[in-house]
>>> print(open('start-v2.csv').read())   # CSV, C-alpha atoms
chain,number,residue,atom,x,y,z
A,571,MET,CA,-24.9,50.6,82.8
A,572,ILE,CA,-21.6,52.3,83.3
A,573,TRP,CA,-21.3,55.8,82.0
A,574,SER,CA,-18.1,57.7,82.2
A,575,SER,CA,-17.1,61.1,81.0
A,576,LEU,CA,-14.0,61.6,78.9
A,577,THR,CA,-11.2,63.4,80.5
A,578,LEU,CA,-8.2,65.0,78.9
A,579,ARG,CA,-5.2,65.7,80.9
A,580,ASN,CA,-2.1,67.7,80.1
A,581,LYS,CA,1.3,66.5,81.1
A,582,ALA,CA,1.0,67.9,84.6
A,583,GLY,CA,-2.1,65.7,85.0
A,584,LYS,CA,-4.4,68.7,85.2
A,585,LYS,CA,-7.8,68.1,83.7
A,586,THR,CA,-8.5,70.4,80.8
A,587,GLU,CA,-11.7,71.9,79.6
A,588,SER,CA,-13.6,70.4,76.6
A,589,CYS,CA,-13.1,72.5,73.6
A,590,SER,CA,-15.8,75.0,72.9
A,591,CYS,CA,-16.0,74.7,69.1
A,592,LEU,CA,-19.3,73.6,67.5
A,593,ALA,CA,-18.4,70.0,67.2
A,594,HIS,CA,-18.5,69.7,71.0
A,595,ALA,CA,-21.9,71.1,71.9
A,596,PRO,CA,-22.4,68.8,74.9
A,597,ALA,CA,-20.0,69.7,77.7
A,598,PHE,CA,-19.1,66.0,78.1
A,599,VAL,CA,-18.8,63.2,75.7
A,600,TYR,CA,-20.0,59.9,76.9
A,601,HIS,CA,-18.4,56.6,76.0
A,602,GLU,CA,-18.9,53.1,77.1
A,603,THR,CA,-17.5,49.7,77.6
A,604,MET,CA,-18.1,48.2,74.1
A,605,HIS,CA,-18.3,49.7,70.7
A,606,GLU,CA,-21.9,48.6,70.2
A,607,MET,CA,-22.8,51.1,72.9
A,608,SER,CA,-21.0,53.9,71.0
A,609,LEU,CA,-22.8,52.9,67.9
A,610,ALA,CA,-26.2,52.8,69.6
A,611,ILE,CA,-25.6,56.3,71.0
A,612,ASN,CA,-24.7,57.4,67.5
A,613,ILE,CA,-27.8,55.9,66.1
A,614,VAL,CA,-30.0,57.6,68.7
A,615,GLU,CA,-28.4,61.0,68.1
A,616,LEU,CA,-28.8,60.6,64.4
A,617,VAL,CA,-32.5,59.6,64.5
A,618,SER,CA,-33.4,62.1,67.1
A,619,ALA,CA,-32.0,64.9,65.0
A,620,LYS,CA,-33.7,63.5,61.9
A,621,ALA,CA,-37.1,63.1,63.7
A,622,GLN,CA,-36.9,66.7,65.0
A,623,ALA,CA,-36.0,68.0,61.6
A,624,ALA,CA,-39.0,66.2,60.1
A,625,GLY,CA,-41.3,67.6,62.7
A,626,GLY,CA,-41.8,64.3,64.6
A,627,GLN,CA,-42.4,64.0,68.3
A,628,ARG,CA,-41.4,60.5,68.8
A,629,VAL,CA,-39.4,57.8,66.9
A,630,THR,CA,-41.3,54.5,66.9
A,631,SER,CA,-38.9,52.4,64.8
A,632,VAL,CA,-35.5,52.6,63.2
A,633,GLU,CA,-34.4,50.6,60.2
A,634,LEU,CA,-30.8,49.8,60.1
A,635,GLU,CA,-28.6,48.1,57.5
A,636,ALA,CA,-25.7,46.2,59.0
A,637,GLY,CA,-23.2,44.4,56.8
A,638,LYS,CA,-22.1,41.0,58.1
A,639,LEU,CA,-18.5,42.2,57.9
A,640,SER,CA,-19.1,45.5,59.7
A,641,GLY,CA,-17.7,44.2,63.0
A,642,VAL,CA,-21.0,44.7,64.8
A,643,MET,CA,-22.6,42.1,67.1
A,644,ILE,CA,-26.3,42.7,66.3
A,645,GLU,CA,-27.6,41.3,69.6
A,646,ALA,CA,-25.4,43.6,71.6
A,647,LEU,CA,-26.4,46.5,69.4
A,648,VAL,CA,-30.1,45.9,69.9
A,649,PHE,CA,-29.5,45.6,73.7
A,650,CYS,CA,-27.5,48.8,73.8
A,651,PHE,CA,-30.0,50.6,71.6
A,652,GLU,CA,-32.8,50.1,74.1
A,653,ALA,CA,-30.6,51.5,76.9
A,654,ALA,CA,-29.3,54.4,74.7
A,655,THR,CA,-32.9,55.6,73.9
A,656,CYS,CA,-33.8,56.3,77.5
A,657,ASN,CA,-35.0,59.9,77.9
A,658,THR,CA,-34.7,60.6,74.1
A,659,PRO,CA,-37.3,61.0,71.4
A,660,ALA,CA,-36.5,57.4,70.4
A,661,GLU,CA,-37.4,55.9,73.8
A,662,GLY,CA,-39.3,52.7,73.2
A,663,ALA,CA,-38.5,52.6,69.4
A,664,ARG,CA,-37.9,49.3,67.8
A,665,LEU,CA,-34.5,48.7,66.1
A,666,GLU,CA,-35.0,46.7,63.0
A,667,VAL,CA,-31.8,45.4,61.6
A,668,ARG,CA,-31.4,44.1,58.1
A,669,GLU,CA,-28.2,42.2,57.7
A,670,VAL,CA,-26.3,42.6,54.4
A,671,GLU,CA,-24.4,39.6,53.1
A,672,GLY,CA,-20.7,39.9,52.6
A,673,ARG,CA,-19.5,39.8,49.0
A,674,GLY,CA,-15.9,39.4,47.8
A,675,ARG,CA,-14.0,39.4,44.5
A,676,CYS,CA,-10.9,37.4,44.1
A,677,LEU,CA,-8.0,39.5,42.8
A,678,GLY,CA,-6.3,36.4,41.5
A,679,CYS,CA,-8.9,34.8,39.3
A,680,GLY,CA,-11.7,37.4,39.4
A,681,HIS,CA,-14.3,35.0,40.9
A,682,ALA,CA,-17.1,36.8,42.9
A,683,PHE,CA,-18.5,35.0,45.9
A,684,ALA,CA,-20.4,35.4,49.2
A,685,LEU,CA,-18.4,35.5,52.4
A,686,ASP,CA,-19.1,35.8,56.1
A,687,SER,CA,-15.7,36.7,57.4
A,688,LEU,CA,-12.9,39.1,56.6
A,689,LEU,CA,-10.8,36.0,56.5
A,690,ALA,CA,-11.8,35.2,52.9
A,691,GLN,CA,-10.5,32.5,50.7
A,692,CYS,CA,-11.5,32.3,47.1
A,693,PRO,CA,-13.5,29.1,46.7
A,694,GLN,CA,-12.4,28.8,43.1
A,695,CYS,CA,-8.6,29.3,43.2
A,696,GLY,CA,-7.9,29.2,47.0
A,697,GLY,CA,-6.3,32.7,47.0
A,698,TYR,CA,-6.6,35.0,49.9
A,699,ALA,CA,-6.2,38.2,48.0
A,700,VAL,CA,-9.8,39.2,48.1
A,701,GLU,CA,-11.4,42.5,47.6
A,702,ILE,CA,-14.4,43.0,49.9
A,703,VAL,CA,-17.1,44.6,47.8
A,704,GLN,CA,-20.1,44.4,50.1
A,705,GLY,CA,-20.8,43.8,53.8
A,706,LYS,CA,-18.9,46.5,55.7
A,707,GLU,CA,-21.7,49.0,55.6
A,708,LEU,CA,-23.5,50.2,58.7
A,709,LYS,CA,-26.2,52.8,58.1
A,710,VAL,CA,-29.5,54.1,59.2
A,711,VAL,CA,-31.9,53.6,56.3
A,712,ALA,CA,-35.1,55.1,57.6
A,713,LEU,CA,-37.1,55.8,60.7
A,714,THR,CA,-40.7,56.0,61.5
A,715,ILE,CA,-42.1,58.9,63.5
A,716,ASP,CA,-45.3,59.8,65.3
A,717,GLU,CA,-46.3,63.4,64.5
B,378,MET,CA,-37.6,28.7,61.5
B,379,CYS,CA,-39.3,31.8,62.9
B,380,ASP,CA,-43.0,31.1,63.4
B,381,SER,CA,-44.1,34.6,62.4
B,382,CYS,CA,-42.4,35.1,59.1
B,383,GLY,CA,-40.5,32.0,58.2
B,384,CYS,CA,-37.0,33.5,58.3
B,385,SER,CA,-34.5,30.9,59.4
B,386,ARG,CA,-32.8,30.4,62.7
B,387,PRO,CA,-30.3,30.5,64.3
B,388,GLU,CA,-30.6,34.2,64.8
B,389,ASN,CA,-27.5,34.8,66.7
B,390,SER,CA,-24.2,36.0,65.4
B,391,VAL,CA,-22.6,34.2,68.3
B,392,THR,CA,-21.7,30.6,67.4
B,393,ILE,CA,-21.0,27.8,69.8
B,394,THR,CA,-18.9,24.9,68.4
B,395,ARG,CA,-17.0,22.0,70.0
B,396,PRO,CA,-13.5,21.2,68.9
B,397,GLY,CA,-13.8,18.7,66.0
B,398,GLN,CA,-17.0,20.1,64.8
B,399,ALA,CA,-17.1,22.3,61.7
B,400,LEU,CA,-17.2,25.9,62.8
B,401,SER,CA,-20.7,26.9,62.1
B,402,GLY,CA,-21.3,30.2,60.3
B,403,PRO,CA,-23.0,33.1,62.0
B,404,GLY,CA,-26.8,33.1,61.9
B,405,SER,CA,-28.6,33.8,58.7
B,406,ALA,CA,-29.5,37.3,57.8
B,407,GLY,CA,-32.5,39.4,58.6
B,408,HIS,CA,-34.1,38.1,61.7
B,409,HIS,CA,-33.8,41.2,63.8
B,410,HIS,CA,-37.0,42.8,62.7
B,411,SER,CA,-40.4,43.3,64.0
B,412,HIS,CA,-43.5,41.6,62.6
B,413,GLN,CA,-45.8,44.4,63.5
B,414,ALA,CA,-47.1,46.6,60.7
B,415,ARG,CA,-45.6,50.0,60.7
B,416,GLN,CA,-47.6,53.0,61.7
B,417,GLY,CA,-46.6,56.6,61.5
B,418,ARG,CA,-44.6,58.5,58.9
B,419,VAL,CA,-41.4,57.0,57.4
B,420,VAL,CA,-38.4,59.3,57.1
B,421,GLU,CA,-35.7,58.2,54.7
B,422,VAL,CA,-32.2,58.7,56.1
B,423,ARG,CA,-29.5,56.5,54.5
B,424,GLU,CA,-26.7,57.8,56.6
B,425,ALA,CA,-23.7,55.9,58.0
B,426,VAL,CA,-24.1,55.3,61.8
B,427,LEU,CA,-20.5,56.5,62.3
B,428,GLY,CA,-21.0,59.5,59.9
B,429,LYS,CA,-20.5,62.0,62.7
B,430,ASN,CA,-17.2,60.3,63.8
B,431,ASP,CA,-16.1,60.1,60.1
B,432,GLY,CA,-16.9,63.8,59.7
B,433,ILE,CA,-14.7,64.7,62.7
B,434,ALA,CA,-12.0,62.3,61.5
B,435,ALA,CA,-12.0,64.1,58.1
B,436,HIS,CA,-11.7,67.4,60.0
B,437,ASN,CA,-8.7,66.0,61.8
B,438,ARG,CA,-7.2,64.7,58.6
B,439,ALA,CA,-7.6,68.0,56.9
B,440,PHE,CA,-5.8,69.7,59.8
B,441,PHE,CA,-3.0,67.2,59.6
B,442,LYS,CA,-2.7,67.7,55.8
B,443,GLU,CA,-2.5,71.5,56.2
B,444,ARG,CA,0.3,71.2,58.7
B,445,ARG,CA,2.0,68.3,56.9
B,446,ILE,CA,1.6,66.2,60.1
B,447,VAL,CA,1.6,62.5,59.6
B,448,ALA,CA,-0.5,60.7,62.2
B,449,PHE,CA,-0.4,57.0,63.1
B,450,ASN,CA,-3.0,55.2,65.1
B,451,LEU,CA,-1.3,52.5,67.1
B,452,VAL,CA,-3.5,49.6,68.0
B,453,SER,CA,-2.9,46.3,69.8
B,454,SER,CA,-3.8,44.1,72.7
B,455,PRO,CA,-2.9,45.5,76.1
B,456,GLY,CA,0.8,44.7,76.9
B,457,SER,CA,2.1,44.4,73.3
B,458,GLY,CA,4.7,47.1,74.0
B,459,LYS,CA,3.2,50.1,72.3
B,460,THR,CA,4.5,52.6,74.7
B,461,THR,CA,8.0,51.0,74.8
B,462,ILE,CA,8.1,51.2,71.0
B,463,LEU,CA,7.2,54.9,71.2
B,464,GLU,CA,9.8,55.6,73.8
B,465,ARG,CA,12.5,54.0,71.7
B,466,THR,CA,11.3,55.5,68.4
B,467,ILE,CA,11.2,59.0,70.0
B,468,ARG,CA,14.7,58.6,71.4
B,469,GLU,CA,16.1,57.4,68.0
B,470,LEU,CA,14.3,60.0,65.9
B,471,ARG,CA,13.9,63.1,68.0
B,472,GLN,CA,17.0,64.8,66.6
B,473,GLU,CA,15.6,64.5,63.0
B,474,ILE,CA,11.9,64.8,63.2
B,475,PRO,CA,9.5,66.7,65.5
B,476,MET,CA,7.1,64.3,67.2
B,477,ALA,CA,4.1,64.3,69.5
B,478,VAL,CA,2.0,61.7,71.2
B,479,ILE,CA,-1.7,61.3,72.2
B,480,GLU,CA,-2.0,58.6,74.8
B,481,GLY,CA,-5.2,56.7,75.2
B,482,ASP,CA,-6.0,54.6,78.2
B,483,GLN,CA,-9.1,54.0,80.4
B,484,GLN,CA,-7.3,55.3,83.4
B,485,THR,CA,-4.0,56.8,84.7
B,486,MET,CA,-1.3,59.2,83.5
B,487,LEU,CA,1.3,56.4,83.5
B,488,ASP,CA,1.9,56.2,79.7
B,489,ALA,CA,1.9,60.0,79.3
B,490,GLU,CA,4.4,60.3,82.1
B,491,ARG,CA,6.7,57.8,80.3
B,492,ILE,CA,6.4,59.8,77.0
B,493,ASP,CA,6.8,63.1,78.8
B,494,ALA,CA,10.2,61.8,80.1
B,495,THR,CA,11.4,61.6,76.5
B,496,GLY,CA,10.7,65.3,76.1
B,497,VAL,CA,8.1,65.4,73.3
B,498,PRO,CA,4.6,66.9,73.7
B,499,VAL,CA,2.1,64.5,75.0
B,500,VAL,CA,-1.6,64.6,76.1
B,501,GLN,CA,-3.3,61.7,77.9
B,502,VAL,CA,-6.9,60.9,77.0
B,503,ASN,CA,-8.6,58.9,79.7
B,504,THR,CA,-11.7,57.3,78.4
B,505,GLY,CA,-13.1,56.2,81.7
B,506,ALA,CA,-14.7,52.9,80.9
B,507,GLY,CA,-14.5,53.5,77.1
B,508,CYS,CA,-12.9,50.8,75.0
B,509,HIS,CA,-11.5,52.9,72.2
B,510,LEU,CA,-10.5,56.4,71.1
B,511,ASP,CA,-12.8,58.2,68.6
B,512,ALA,CA,-12.2,61.1,66.3
B,513,ASP,CA,-13.8,63.6,68.7
B,514,MET,CA,-11.4,62.6,71.5
B,515,VAL,CA,-8.5,63.1,69.2
B,516,HIS,CA,-9.9,66.4,68.1
B,517,GLN,CA,-10.2,67.6,71.6
B,518,ALA,CA,-6.7,66.4,72.4
B,519,LEU,CA,-5.4,68.3,69.3
B,520,HIS,CA,-6.9,71.5,70.8
B,521,GLN,CA,-4.6,71.0,73.8
B,522,MET,CA,-1.4,70.6,71.7
B,523,ASP,CA,0.8,72.8,69.7
B,524,LEU,CA,2.0,70.6,66.9
B,525,ALA,CA,5.0,71.4,64.7
B,526,GLU,CA,4.7,71.3,60.9
B,527,ASN,CA,6.3,68.4,59.1
B,528,SER,CA,6.1,66.3,62.1
B,529,LEU,CA,4.9,62.8,63.3
B,530,LEU,CA,2.0,62.3,65.6
B,531,PHE,CA,1.5,59.0,67.3
B,532,ILE,CA,-1.9,58.2,68.7
B,533,GLU,CA,-1.6,55.3,71.1
B,534,ASN,CA,-5.1,53.8,71.2
B,535,VAL,CA,-6.7,51.9,74.2
B,536,GLY,CA,-5.2,48.4,74.3
B,537,ASN,CA,-8.0,46.4,72.7
B,538,LEU,CA,-7.8,44.4,69.5
B,539,VAL,CA,-11.5,44.7,68.7
B,540,CYS,CA,-13.3,48.1,69.1
B,541,PRO,CA,-10.6,50.6,67.9
B,542,ALA,CA,-10.8,49.0,64.4
B,543,MET,CA,-14.1,50.7,63.7
B,544,PHE,CA,-13.2,54.2,64.5
B,545,ASP,CA,-11.4,56.4,62.1
B,546,LEU,CA,-9.4,59.1,63.9
B,547,GLY,CA,-8.1,60.9,60.9
B,548,GLU,CA,-4.8,59.0,60.9
B,549,ALA,CA,-2.7,58.3,57.8
B,550,ALA,CA,-2.5,54.7,58.8
B,551,LYS,CA,-3.3,52.2,61.6
B,552,VAL,CA,-0.3,50.4,62.8
B,553,VAL,CA,-1.2,47.1,64.5
B,554,ILE,CA,1.3,45.7,67.0
B,555,ILE,CA,1.6,42.1,68.0
B,556,SER,CA,4.1,40.7,70.5
B,557,VAL,CA,5.6,37.3,70.3
B,558,THR,CA,4.3,36.5,73.7
B,559,GLU,CA,0.8,36.5,72.1
B,560,GLY,CA,-0.2,33.7,69.7
B,561,GLU,CA,0.8,34.0,66.0
B,562,ASP,CA,-2.9,33.3,65.3
B,563,LYS,CA,-4.1,36.7,66.4
B,564,PRO,CA,-4.7,37.9,62.8
B,565,LEU,CA,-7.1,35.0,62.3
B,566,LYS,CA,-8.8,35.5,65.7
B,567,TYR,CA,-9.2,39.3,65.3
B,568,PRO,CA,-9.3,39.9,61.6
B,569,ALA,CA,-11.1,43.3,61.7
B,570,MET,CA,-8.1,45.0,63.2
B,571,PHE,CA,-5.6,43.4,60.8
B,572,ASP,CA,-7.9,44.3,58.0
B,573,ALA,CA,-8.0,47.9,59.0
B,574,ALA,CA,-4.2,48.2,59.6
B,575,SER,CA,-1.6,49.1,57.0
B,576,LEU,CA,1.4,48.0,58.9
B,577,CYS,CA,2.1,45.3,61.5
B,578,LEU,CA,4.9,45.5,64.0
B,579,ILE,CA,5.9,42.1,65.5
B,580,ASN,CA,7.4,43.2,68.7
B,581,LYS,CA,9.5,41.5,71.5
B,582,THR,CA,11.5,39.5,69.0
B,583,ASP,CA,14.3,39.2,71.7
B,584,LEU,CA,12.0,36.7,73.4
B,585,LEU,CA,11.6,34.4,70.3
B,586,PRO,CA,14.1,31.8,71.7
B,587,HIS,CA,11.9,31.4,74.7
B,588,VAL,CA,8.4,31.2,73.1
B,589,ASP,CA,6.7,29.1,70.5
B,590,PHE,CA,5.7,32.0,68.3
B,591,ASP,CA,6.1,31.3,64.6
B,592,VAL,CA,6.9,34.5,62.8
B,593,ALA,CA,6.4,33.2,59.3
B,594,ARG,CA,3.0,31.8,60.2
B,595,CYS,CA,2.0,35.1,61.8
B,596,ARG,CA,2.9,36.9,58.6
B,597,GLU,CA,1.0,34.4,56.5
B,598,TYR,CA,-2.1,34.7,58.7
B,599,GLY,CA,-1.9,38.5,58.6
B,600,LEU,CA,-1.6,38.4,54.8
B,601,ARG,CA,-4.6,36.1,54.5
B,602,VAL,CA,-6.7,38.8,56.2
B,603,ASN,CA,-5.1,41.8,54.5
B,604,HIS,CA,-2.9,41.2,51.5
B,605,HIS,CA,-1.6,44.8,51.6
B,606,LEU,CA,-0.3,44.4,55.2
B,607,GLU,CA,3.5,45.2,55.6
B,608,PHE,CA,5.5,43.8,58.5
B,609,PHE,CA,8.5,44.8,60.6
B,610,GLU,CA,10.0,42.5,63.2
B,611,ILE,CA,11.4,44.6,66.1
B,612,SER,CA,12.5,44.4,69.6
B,613,ALA,CA,11.9,47.8,71.2
B,614,LYS,CA,13.9,46.6,74.2
B,615,THR,CA,17.1,45.6,72.4
B,616,GLY,CA,16.7,47.8,69.3
B,617,GLU,CA,16.9,44.8,67.0
B,618,GLY,CA,15.0,45.5,63.7
B,619,MET,CA,14.2,49.1,64.7
B,620,PRO,CA,16.2,50.7,61.8
B,621,ALA,CA,13.8,49.4,59.2
B,622,TRP,CA,10.8,50.8,61.1
B,623,LEU,CA,12.6,54.1,61.6
B,624,ASP,CA,13.4,54.3,57.9
B,625,TRP,CA,9.8,53.6,57.1
B,626,LEU,CA,8.8,56.5,59.4
B,627,ARG,CA,11.3,58.8,57.8
B,628,SER,CA,9.9,57.9,54.4
B,629,GLN,CA,6.4,59.0,55.5
B,630,ILE,CA,7.2,62.6,56.2
>>> encode(input="start-v2.csv", output="structure tokens")
Amino acid sequence: MIWSSLTLRNKAGKKTESCSCLAHAPAFVYHETMHEMSLAINIVELVSAKAQAAGGQRVTSVELEAGKLSGVMIEALVFCFEAATCNTPAEGARLEVREVEGRGRCLGCGHAFALDSLLAQCPQCGGYAVEIVQGKELKVVALTIDE
Amino acid sequence: MCDSCGCSRPENSVTITRPGQALSGPGSAGHHHSHQARQGRVVEVREAVLGKNDGIAAHNRAFFKERRIVAFNLVSSPGSGKTTILERTIRELRQEIPMAVIEGDQQTMLDAERIDATGVPVVQVNTGAGCHLDADMVHQALHQMDLAENSLLFIENVGNLVCPAMFDLGEAAKVVIISVTEGEDKPLKYPAMFDAASLCLINKTDLLPHVDFDVARCREYGLRVNHHLEFFEISAKTGEGMPAWLDWLRSQI
């Protein structure tokens, strides 16, 4: 896996220090080659904090809800999650992903329908002006901890 | 069919289809789960995966609002002309409106140097191998800048038509740029980005006589994905079409 630290440079090209405010507790912020890796790291940070707050030693599973229109490739996320859990309280945890169907509502005729792409056409009137009402969510629903 | 629980295959969101075949939909829902019974204590969470990013983005947005800074997140494929658009925009507007730029690239100071030559404040964010900017990177960059009130801030994202769509930076709007040397079908191929954007700049229109790019079709495809999307056709090189884009920027302050 490729890890790289973020660098900020001023116009002279000189590297600048990370800001010291509370939002930046770690000295370096790690980012990766695809957004699923970012998401996996976010999940691991979130569940590690929640597990600790709940008095758990180890996270054994994480339940995730992922909308089909959320822009996430589940296979890549599961792969990245395993890598991201290394040396964390979530190491070895299973990532259980429940996919949420996309739902849209046609702004032309009001028809509500299932969709699996942001490129949505109303099956009733053929219009493309569709409001996405479900399927973009990406959230951690629950985790299981060993005490 | 999965042997253990009966949920249906295919399980992959990747689909493989030959030309002429109907494009198969992504795999059906819900296979990515274990069949083992749970042990241990369940802790309810119900929090967005990107909640931390969204929180920092909200912090950035509040900062912009307080200073009356209007920030735009410029997103596109590599090579669409983002930096050239910024250079031209800055040259045309700098007498009227204070501006600043945050440049995002995996490596090099090249874009920041180009912007620096225009005389406006600029910070380069190098993400290393990272494929997008996130709100925290912008926050850190903001700590390195002294931004004027009632000003414009352009955040030039890493050239990538996929990943930056997911990450709110605190901007007022995402501006997606497509150049006529790309296909007019980009909105259909990368809908997430066009869905997330408010404005689309079709750049390099000076090359239209030499390429097969169909502007009307590009607009139609963009509107299929996002019926709120607005368009400007520009050539940052010749200046054609720039006045409408500049007027739009003036109207945002």
>>> residues_around(input="start-v2.csv", residues="A:Val670", least_positions_apart="5", cutoff="6 Å", atoms="all atoms listed in the file", output="VMD selection string")
chain A and resid 636 to 638 705
>>> closest_residue(input="start-v2.csv", among="A:Ala619, A:Leu609, A:Val703, A:Cys656", to="chain B", atoms="all atoms listed in the file")
A:Leu609
>>> closest_residue(input="start-v2.csv", among="B:Cys508, B:Ala549, B:Ile462, B:Cys577", to="B:Gln629", atoms="only C-alpha atoms")
B:Ala549
>>> closest_residue(input="start-v2.csv", among="B:Ala613, B:Ala569, B:Val478, B:Ala439", to="chain A", atoms="all atoms listed in the file")
B:Ala569
>>> interface_residues(input="start-v2.csv", of="chain B", to="chain A", cutoff="6 Å", atoms="only C-alpha atoms", output="MDAnalysis selection string")
chainID B and resid 406:407 409:410 417:426 500:508 540 601:602 604
>>> closest_residue(input="start-v2.csv", among="B:Pro475, B:Gly496, B:Gly547, B:Gly599", to="B:Asn450", atoms="all atoms listed in the file")
B:Gly547
>>> atom_distance(input="start-v2.csv", atom1="atom CA of B:Leu585", atom2="atom CA of B:Tyr598")
18.0 Å
>>> atom_distance(input="start-v2.csv", atom1="atom CA of B:Ala574", atom2="atom CA of B:Lys551")
4.6 Å
>>> atom_distance(input="start-v2.csv", atom1="atom CA of A:Pro659", atom2="atom CA of A:Ser618")
5.9 Å
